[in-house]
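For reference, query-v8.txt is printed below; it contains compact mmCIF, C-alpha atoms and all ligand atoms.
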```txt
# COMPACT_ATOMS: atom_id res chain seq x y z
CA MET X 1 5.57 -25.08 -20.38
CA THR X 2 2.73 -22.67 -19.86
CA VAL X 3 1.61 -21.58 -16.43
CA SER X 4 -2.14 -21.86 -16.25
CA PRO X 5 -3.53 -19.03 -14.16
CA GLY X 6 -6.50 -19.31 -11.88
CA ALA X 7 -9.89 -17.81 -12.64
CA PRO X 8 -10.39 -14.18 -11.60
CA ALA X 9 -11.86 -13.81 -8.13
CA PRO X 10 -15.52 -12.75 -8.08
CA PRO X 11 -15.98 -9.38 -6.36
CA GLY X 12 -16.07 -9.71 -2.59
CA ALA X 13 -15.38 -13.44 -2.63
CA VAL X 14 -12.39 -15.21 -1.20
CA PRO X 15 -10.49 -16.16 -4.34
CA ALA X 16 -9.44 -19.69 -5.06
CA PRO X 17 -6.58 -19.26 -7.50
CA THR X 18 -4.60 -22.17 -8.78
CA LEU X 19 -1.38 -20.19 -8.86
CA GLY X 20 0.19 -19.28 -5.57
CA ALA X 21 -2.53 -21.00 -3.54
CA ARG X 22 -0.59 -24.08 -2.53
CA VAL X 23 2.17 -22.29 -0.80
CA GLY X 24 3.57 -23.20 2.52
CA PRO X 25 5.85 -20.97 4.52
CA LEU X 26 9.10 -22.29 3.04
CA PRO X 27 12.38 -21.01 4.45
CA GLY X 28 13.12 -17.62 2.99
CA TRP X 29 9.76 -17.44 1.28
CA GLN X 30 6.62 -15.80 2.53
CA VAL X 31 3.15 -15.20 1.20
CA GLY X 32 2.06 -11.79 0.01
CA THR X 33 -1.47 -10.84 -1.04
CA LEU X 34 -2.44 -8.51 -3.84
CA VAL X 35 -4.38 -5.68 -2.21
CA ASP X 36 -4.42 -3.10 -5.01
CA ALA X 37 -3.46 -2.81 -8.66
CA TRP X 38 -3.68 -0.30 -11.48
CA GLU X 39 -2.55 0.19 -15.06
CA GLU X 40 0.64 2.26 -15.11
CA SER X 41 0.67 2.39 -18.94
CA ALA X 42 -0.99 0.47 -21.76
CA SER X 43 1.35 -2.45 -21.09
CA ALA X 44 2.48 -2.14 -17.48
CA ARG X 45 0.61 -2.77 -14.26
CA THR X 46 1.47 -1.78 -10.72
CA LEU X 47 0.78 -4.41 -8.06
CA VAL X 48 0.54 -3.57 -4.37
CA LEU X 49 1.29 -6.56 -2.18
CA ALA X 50 0.57 -6.79 1.53
CA VAL X 51 3.42 -8.74 3.12
CA PRO X 52 2.88 -9.22 6.87
CA SER X 53 6.47 -10.02 7.80
CA TRP X 54 8.20 -7.66 5.39
CA PRO X 55 11.57 -6.71 6.95
CA GLY X 56 12.07 -3.41 5.04
CA HIS X 57 14.28 -2.71 2.04
CA LEU X 58 16.60 -0.25 0.33
CA ALA X 59 15.77 1.65 -2.84
CA GLY X 60 16.85 -0.48 -5.81
CA GLN X 61 16.30 -3.89 -4.25
CA HIS X 62 13.96 -6.48 -5.73
CA VAL X 63 11.85 -9.47 -4.77
CA ASP X 64 11.68 -12.92 -6.24
CA LEU X 65 8.15 -14.10 -6.99
CA ARG X 66 7.30 -17.77 -7.29
CA LEU X 67 4.19 -19.07 -9.04
CA ARG X 68 2.99 -22.65 -9.02
CA ALA X 69 0.73 -24.32 -11.55
CA PRO X 70 -1.65 -27.12 -10.52
CA ASP X 71 0.65 -29.72 -12.10
CA GLY X 72 3.49 -28.63 -9.83
CA TYR X 73 5.32 -26.55 -12.42
CA VAL X 74 7.05 -23.61 -10.78
CA ALA X 75 8.03 -20.31 -12.38
CA GLU X 76 10.22 -17.80 -10.58
CA ARG X 77 10.96 -14.20 -11.65
CA SER X 78 12.46 -11.09 -10.09
CA TYR X 79 10.67 -7.72 -9.81
CA SER X 80 12.06 -4.47 -8.48
CA ILE X 81 10.37 -2.78 -5.54
CA GLY X 82 9.01 0.52 -6.78
CA GLY X 83 9.33 2.69 -3.68
CA PRO X 84 9.46 2.87 0.09
CA VAL X 85 7.36 0.45 2.11
CA THR X 86 3.88 1.69 3.00
CA ARG X 87 1.29 0.40 5.44
CA GLY X 88 -2.32 -0.46 4.86
CA PRO X 89 -5.18 0.54 7.20
CA ASP X 90 -4.54 -2.74 9.00
CA GLY X 91 -0.93 -1.77 9.64
CA VAL X 92 0.40 -4.53 7.40
CA PRO X 93 3.47 -3.52 5.34
CA ARG X 94 2.92 -3.09 1.63
CA ILE X 95 5.31 -3.05 -1.30
CA ALA X 96 4.60 -2.03 -4.90
CA LEU X 97 5.93 -3.72 -8.02
CA THR X 98 5.43 -2.60 -11.61
CA VAL X 99 5.35 -5.34 -14.22
CA GLN X 100 5.83 -4.70 -17.91
CA ARG X 101 3.81 -7.11 -20.03
CA VAL X 102 6.12 -9.14 -22.30
CA ALA X 103 4.06 -10.34 -25.28
CA ASP X 104 4.82 -14.06 -24.98
CA GLY X 105 5.96 -13.88 -21.38
CA GLU X 106 4.95 -16.65 -19.04
CA VAL X 107 4.88 -14.77 -15.75
CA SER X 108 4.43 -11.13 -16.78
CA THR X 109 1.22 -11.93 -18.71
CA TYR X 110 -0.20 -13.69 -15.65
CA LEU X 111 0.72 -10.79 -13.37
CA THR X 112 -0.65 -8.12 -15.73
CA ASP X 113 -3.75 -9.91 -17.03
CA THR X 114 -5.00 -12.39 -14.43
CA PHE X 115 -3.49 -11.86 -10.97
CA ALA X 116 -6.45 -10.36 -9.09
CA VAL X 117 -6.89 -8.48 -5.82
CA GLY X 118 -7.09 -11.03 -3.03
CA TYR X 119 -4.80 -13.53 -4.71
CA PRO X 120 -1.74 -14.75 -2.80
CA VAL X 121 1.75 -15.10 -4.20
CA GLU X 122 4.96 -16.53 -2.81
CA LEU X 123 7.81 -14.09 -2.55
CA ARG X 124 11.17 -13.65 -0.93
CA GLY X 125 13.22 -10.56 -0.38
CA PRO X 126 14.45 -7.99 -0.32
CA VAL X 127 17.14 -9.24 -2.69
CA GLY X 128 20.29 -7.42 -3.79
CA GLY X 129 22.71 -5.20 -1.94
CA TRP X 130 24.70 -3.74 -4.82
CA PHE X 131 22.19 -1.93 -6.98
CA VAL X 132 20.94 0.28 -4.14
CA TRP X 133 20.94 3.94 -3.22
CA ALA X 134 20.43 5.36 0.26
CA PRO X 135 20.43 9.04 1.22
CA ASP X 136 23.07 10.33 3.59
CA ALA X 137 21.60 9.86 7.02
CA VAL X 138 23.21 12.66 9.02
CA PRO X 139 21.81 16.21 8.72
CA ALA X 140 24.25 19.12 8.93
CA PRO X 141 24.14 21.02 12.26
CA GLY X 142 21.02 23.16 12.30
CA GLU X 143 19.82 21.65 9.05
CA PRO X 144 16.57 19.68 8.90
CA THR X 145 17.63 17.73 5.85
CA PRO X 146 20.60 15.46 5.19
CA LEU X 147 23.73 16.75 3.49
CA PRO X 148 23.68 16.18 -0.24
CA GLY X 149 25.65 13.16 -1.36
CA PRO X 150 27.57 12.84 -4.62
CA PRO X 151 25.42 13.40 -7.71
CA VAL X 152 23.49 10.47 -9.03
CA LEU X 153 22.89 9.53 -12.66
CA LEU X 154 20.04 7.15 -13.34
CA VAL X 155 19.80 5.63 -16.82
CA ALA X 156 16.71 3.59 -17.59
CA GLY X 157 15.65 1.53 -20.59
CA GLY X 158 11.92 0.81 -20.59
CA SER X 159 10.71 -0.84 -17.38
CA GLY X 160 14.25 -0.53 -16.04
CA ILE X 161 12.95 2.70 -14.58
CA VAL X 162 11.25 0.80 -11.72
CA PRO X 163 14.22 0.52 -9.31
CA LEU X 164 15.39 3.98 -10.39
CA VAL X 165 12.07 5.64 -9.60
CA ALA X 166 12.32 3.88 -6.24
CA MET X 167 15.55 5.84 -5.69
CA VAL X 168 13.83 9.10 -6.69
CA ARG X 169 10.97 8.35 -4.31
CA GLU X 170 13.41 7.51 -1.52
CA ARG X 171 15.24 10.79 -2.15
CA ARG X 172 11.93 12.64 -1.79
CA ARG X 173 10.88 10.65 1.29
CA ALA X 174 14.18 11.41 3.03
CA GLY X 175 14.23 15.09 2.05
CA SER X 176 17.60 14.50 0.39
CA ARG X 177 19.21 17.29 -1.63
CA THR X 178 21.50 14.98 -3.57
CA PRO X 179 21.26 16.11 -7.21
CA PHE X 180 19.76 13.47 -9.48
CA ARG X 181 19.67 13.21 -13.24
CA LEU X 182 17.41 10.63 -14.81
CA VAL X 183 17.74 9.68 -18.48
CA VAL X 184 14.94 7.42 -19.69
CA SER X 185 14.85 5.65 -23.04
CA VAL X 186 11.43 4.41 -24.16
CA ARG X 187 9.95 3.39 -27.49
CA THR X 188 7.00 5.80 -27.66
CA PRO X 189 5.19 8.27 -25.38
CA ALA X 190 2.70 5.49 -24.52
CA ASP X 191 5.54 3.46 -23.01
CA ARG X 192 6.59 6.09 -20.48
CA LEU X 193 6.38 5.01 -16.86
CA PHE X 194 6.41 7.44 -13.92
CA VAL X 195 7.74 10.30 -16.02
CA GLU X 196 4.96 12.71 -15.09
CA GLU X 197 5.51 11.93 -11.40
CA VAL X 198 9.25 12.49 -11.40
CA THR X 199 9.04 15.70 -13.42
CA ARG X 200 6.27 17.41 -11.50
CA THR X 201 6.79 20.07 -8.88
CA GLY X 202 8.11 18.65 -5.66
CA THR X 203 10.96 16.79 -7.21
CA ASP X 204 13.35 19.75 -7.33
CA GLY X 205 16.87 18.63 -7.93
CA VAL X 206 15.80 15.79 -10.20
CA ASP X 207 16.43 16.56 -13.88
CA VAL X 208 14.59 14.22 -16.22
CA THR X 209 15.30 13.58 -19.89
CA VAL X 210 13.14 11.29 -22.01
CA LEU X 211 14.59 9.80 -25.18
CA TYR X 212 12.32 8.05 -27.68
CA THR X 213 13.58 5.21 -29.84
CA ARG X 214 10.61 4.76 -32.19
CA ALA X 215 8.22 7.74 -32.00
CA ALA X 216 8.56 11.06 -30.21
CA PRO X 217 5.59 13.01 -28.85
CA LEU X 218 3.76 15.44 -31.09
CA ASP X 219 5.77 18.62 -31.29
CA ASP X 220 2.88 20.71 -30.00
CA GLY X 221 4.26 21.47 -26.57
CA SER X 222 1.47 19.54 -24.87
CA ASP X 223 2.89 16.09 -24.38
CA GLU X 224 6.53 16.42 -23.44
CA PRO X 225 7.48 16.53 -19.78
CA GLY X 226 11.22 16.23 -20.35
CA PRO X 227 13.63 18.67 -21.95
CA ALA X 228 14.73 16.41 -24.81
CA ARG X 229 13.85 17.30 -28.39
CA ARG X 230 15.50 14.96 -30.83
CA ASP X 231 14.59 12.59 -33.60
CA PRO X 232 13.61 9.13 -32.40
CA GLY X 233 16.55 6.79 -32.12
CA ARG X 234 18.57 4.76 -29.67
CA MET X 235 20.43 6.52 -26.90
CA THR X 236 23.85 7.75 -27.95
CA PRO X 237 26.98 8.86 -26.08
CA ALA X 238 26.02 12.42 -27.06
CA ASP X 239 22.70 12.01 -25.21
CA LEU X 240 24.46 10.85 -22.06
CA ALA X 241 27.07 13.58 -22.37
CA ALA X 242 24.34 16.21 -22.74
CA HIS X 243 21.94 14.97 -20.06
CA GLY X 244 24.13 13.04 -17.62
CA TRP X 245 26.78 14.38 -15.25
CA PRO X 246 30.34 15.09 -16.34
CA ALA X 247 32.67 12.32 -15.21
CA GLU X 248 34.75 14.85 -13.24
CA LEU X 249 31.88 15.20 -10.75
CA GLU X 250 32.26 11.49 -9.99
CA PRO X 251 28.55 10.68 -9.99
CA ALA X 252 27.17 7.37 -8.86
CA CYS X 253 25.70 5.84 -12.02
CA PHE X 254 22.85 3.33 -11.96
CA VAL X 255 21.84 1.72 -15.26
CA CYS X 256 18.88 -0.62 -15.59
CA GLY X 257 16.88 -2.15 -18.41
CA PRO X 258 17.05 -4.89 -21.05
CA THR X 259 20.46 -6.52 -21.25
CA PRO X 260 21.63 -4.97 -24.57
CA PHE X 261 20.56 -1.52 -23.39
CA VAL X 262 22.46 -1.86 -20.13
CA GLU X 263 25.60 -3.09 -21.83
CA ALA X 264 25.52 -0.28 -24.40
CA ALA X 265 24.86 2.39 -21.76
CA ALA X 266 27.65 1.12 -19.50
CA GLN X 267 30.09 1.19 -22.44
CA MET X 268 29.04 4.76 -23.24
CA LEU X 269 29.60 5.87 -19.65
CA LEU X 270 33.05 4.28 -19.64
CA ALA X 271 33.87 6.00 -22.94
CA LEU X 272 32.76 9.30 -21.39
CA GLY X 273 35.34 8.80 -18.65
CA HIS X 274 33.21 7.46 -15.81
CA ASP X 275 35.03 5.09 -13.49
CA ALA X 276 33.80 1.50 -13.75
CA ALA X 277 33.69 1.34 -9.95
CA ARG X 278 30.95 3.97 -9.92
CA ILE X 279 28.77 2.33 -12.57
CA ARG X 280 26.22 -0.12 -11.21
CA THR X 281 24.05 -2.11 -13.56
CA GLU X 282 20.99 -4.28 -13.38
CA ARG X 283 19.86 -6.39 -16.34
CA PHE X 284 16.16 -7.16 -16.58
CA GLY X 285 16.29 -9.70 -19.36
CA PRO X 286 17.41 -10.66 -22.82
CA ALA X 287 15.22 -8.43 -24.95
CA GLY X 288 16.47 -5.39 -26.78
CA ASP X 289 14.63 -2.56 -28.43
C1 LIG X 301 16.80 -8.05 -10.72
C2 LIG X 301 15.65 -8.00 -11.72
C3 LIG X 301 14.62 -7.10 -11.53
C4 LIG X 301 13.56 -7.03 -12.43
N1 LIG X 301 12.57 -6.09 -12.24
C5 LIG X 301 11.55 -6.02 -13.12
C6 LIG X 301 10.53 -5.03 -12.94
O1 LIG X 301 10.54 -4.23 -11.99
N2 LIG X 301 9.51 -4.99 -13.86
C7 LIG X 301 9.48 -5.85 -14.94
O2 LIG X 301 8.52 -5.76 -15.72
N3 LIG X 301 10.43 -6.79 -15.12
C8 LIG X 301 11.45 -6.90 -14.24
N4 LIG X 301 12.42 -7.87 -14.41
C9 LIG X 301 12.24 -8.85 -15.51
C10 LIG X 301 11.37 -10.03 -15.01
O3 LIG X 301 12.08 -10.76 -14.02
C11 LIG X 301 11.01 -11.02 -16.12
O4 LIG X 301 12.17 -11.40 -16.80
C12 LIG X 301 10.00 -10.43 -17.10
O5 LIG X 301 8.80 -10.09 -16.45
C13 LIG X 301 9.70 -11.45 -18.24
O6 LIG X 301 9.22 -12.63 -17.64
P1 LIG X 301 8.16 -13.54 -18.40
O7 LIG X 301 8.00 -14.80 -17.62
O8 LIG X 301 6.94 -12.76 -18.72
O9 LIG X 301 8.89 -13.82 -19.79
P2 LIG X 301 9.57 -15.22 -20.23
O10 LIG X 301 8.49 -16.24 -20.41
O11 LIG X 301 10.68 -15.54 -19.29
O12 LIG X 301 10.19 -14.80 -21.62
C14 LIG X 301 9.34 -14.63 -22.77
C15 LIG X 301 10.11 -13.91 -23.86
O13 LIG X 301 10.44 -12.60 -23.43
C16 LIG X 301 11.85 -12.41 -23.42
N5 LIG X 301 12.13 -11.69 -22.16
C17 LIG X 301 12.42 -12.20 -20.96
N6 LIG X 301 12.60 -11.23 -20.06
C18 LIG X 301 12.40 -10.07 -20.70
C19 LIG X 301 12.43 -8.72 -20.33
N7 LIG X 301 12.73 -8.33 -19.08
N8 LIG X 301 12.15 -7.79 -21.25
C20 LIG X 301 11.84 -8.14 -22.51
N9 LIG X 301 11.80 -9.41 -22.93
C21 LIG X 301 12.09 -10.36 -22.05
C22 LIG X 301 12.45 -13.81 -23.46
O14 LIG X 301 13.68 -13.80 -24.13
C23 LIG X 301 11.41 -14.57 -24.23
O15 LIG X 301 11.59 -14.40 -25.61
C24 LIG X 301 13.50 -7.93 -13.54
C25 LIG X 301 14.55 -8.85 -13.72
C26 LIG X 301 15.61 -8.89 -12.84
C27 LIG X 301 16.72 -9.90 -13.07
```
As structure tokens, how would this structure be written, given the file I've shared?
Ligand SMILES: Cc1cc2nc3c(=O)[nH]c(=O)nc-3n(C[C@H](O)[C@H](O)[C@H](O)COP(=O)(O)OP(=O)(O)OC[C@H]3O[C@@H](n4cnc5c(N)ncnc54)[C@H](O)[C@@H]3O)c2cc1C
Amino acid sequence: MTVSPGAPAPPGAVPAPTLGARVGPLPGWQVGTLVDAWEESASARTLVLAVPSWPGHLAGQHVDLRLRAPDGYVAERSYSIGGPVTRGPDGVPRIALTVQRVADGEVSTYLTDTFAVGYPVELRGPVGGWFVWAPDAVPAPGEPTPLPGPPVLLVAGGSGIVPLVAMVRERRRAGSRTPFRLVVSVRTPADRLFVEEVTRTGTDGVDVTVLYTRAAPLDDGSDEPGPARRDPGRMTPADLAAHGWPAELEPACFVCGPTPFVEAAAQMLLALGHDAARIRTERFGPAGD
């Protein structure tokens, strides 16, 4: 069944969307409002939601969104929270989500193409207590910043970078010195999300490697923020061995992306000697590359 989205809100008007408009404050659910949005790539859009009673969250957690069509049909999907909570000029808490447009996707196409500033949406969260990272809270005596924790390896396939960039942003917010390595697999340079942000100055201690499965950037030195130079292709154990942490350092590993990517990456980490207890995974959906 297809969710039929509401008409875009005219500028300055109070929108009257058909989706998300008939929401009551159901237990566990609340109403957020889209207050800002921008294109993060050609096929991904960041949505900033004002959520008056947001309780706070940990890096890596997600929200469930619920959309309702006029005929009563309900669609529910999960979206990772992309960073620490912020506050608008009105003091209302805000959270950011980044949605990758799936070509025939019911909800992602609505959220990337139609969901307009001013529209409400039902949500609940934060959800998930396993796929989370928090900086060590206690600074060393005389030190302004927390002690570094064990190294962290983040492995992202496509939009699976969203909860992982939330961890990078939380590291920066907290002034953490925990060493991070981020390995990102994307199809083409146009599909990169957040890579420029996490590689720019100010993220010292975060090593970023971008692997391309279909087309690498031009080899002209102008378009490659990461250190990787390899022919396009799926991530291999050699990539993770070269750009991840050695298993002996006992890093915390977080892997997120499409289901086949996550399963392959987790198997590679196990084969490289990483303990299963230190590998945490989050599967975004059934698609592969
Ligand atoms: C914990 C969690 C966190 C998530 N966080 C994010 C996030 O931060 N950003 C984000 O963009 N998505 C995220 N997802 C995926 C999201 O929940 C939806 O599955 C996705 O947006 C597709 O929904 P849809 O209604 O558009 O597609 P559907 O109508 O459900 O599916 C349409 C087609 O796309 C395929 N498909 C379904 N899901 C995916 C997918 N994830 N990737 C590729 N193909 C798919 C289906 O097999 C089907 O063929 C997350 C999922 C989980 C479980």
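Shortest separation to ligand LIG 301 (chain X) among X:Thr213, X:Thr281, X:Ser185, X:Ser176 occurs at residue X:Thr281, atoms counted being only C-alpha atoms and all ligand atoms.
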For this session: Using only C-alpha atoms and all ligand atoms, find each residue with an atom at most 8 Å away from ligand LIG 301 (chain X) and format the answer as an NGL selection string.
Result: :X and (44 or 61-63 or 75-82 or 97-110 or 128 or 159-163 or 257-258 or 282-288)
Mind pulling up the distance from CA of Ala156 in chain X to CA of Leu182 in chain X?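 CA of Ala156 in chain X lies at a distance of 7.6 Å from CA of Leu182 in chain X.
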Option closest in space to Arg214 in chain X, from X:Thr199, X:Thr188, X:Gln267, X:Thr236 [counting all atoms listed in the file]: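 Under the stated criterion, the closest residue is X:Thr188.
The interatomic distance for the pair CA of Ala69 in chain X and CA of Ala42 in chain X works out to 26.9 Å.
The interatomic distance for the pair CA of Ala96 in chain X and CA of Leu47 in chain X works out to 5.5 Å.
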In terms of all atoms listed in the file, the residue from X:Val206, X:Ala252, X:Ser43, X:Val155 at minimal distance from Ala134 in chain X is X:Ala252
Find the spatial neighbours of Val31 in chain X, counting all atoms listed in the file, within a cut-off of 7 Å - ignore same-chain residues fewer than 4 positions away - and output them as a list of chain:residue names.
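My reading of the contact set: X:Val51, X:Pro120, X:Val121, X:Glu122, X:Leu123.
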For this session: For a cut-off of 12 Å around (25.8, 16.3, -18.1), file coordinates, pick out all residues using only C-alpha atoms and list them as a PyMOL selection string.
Result: chain X and resi 151-154+179-183+207-209+237-251+269+272+274
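With distances restricted to only C-alpha atoms, X:Pro150 is the closest residue to Cys253 in chain X from X:Gly157, X:Gly233, X:Pro217, X:Pro150.
Shortest separation to Arg172 in chain X among X:Ala215, X:Cys256, X:Val186, X:Ala59 occurs at residue X:Ala59, atoms counted being all atoms listed in the file.
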Using only C-alpha atoms, the shortest atom-to-atom distance to Arg280 in chain X among X:Pro141, X:Gly32, X:Gly60, X:Pro52 belongs to X:Gly60
Open item on the list: Quick one: residues within 9 Å of Trp133 in chain X, all atoms listed in the file, excluding same-chain residues fewer than 4 positions away - as JSON, numbers by chain?
Closed with: {"X": [58, 59, 60, 167, 170, 171, 254]}
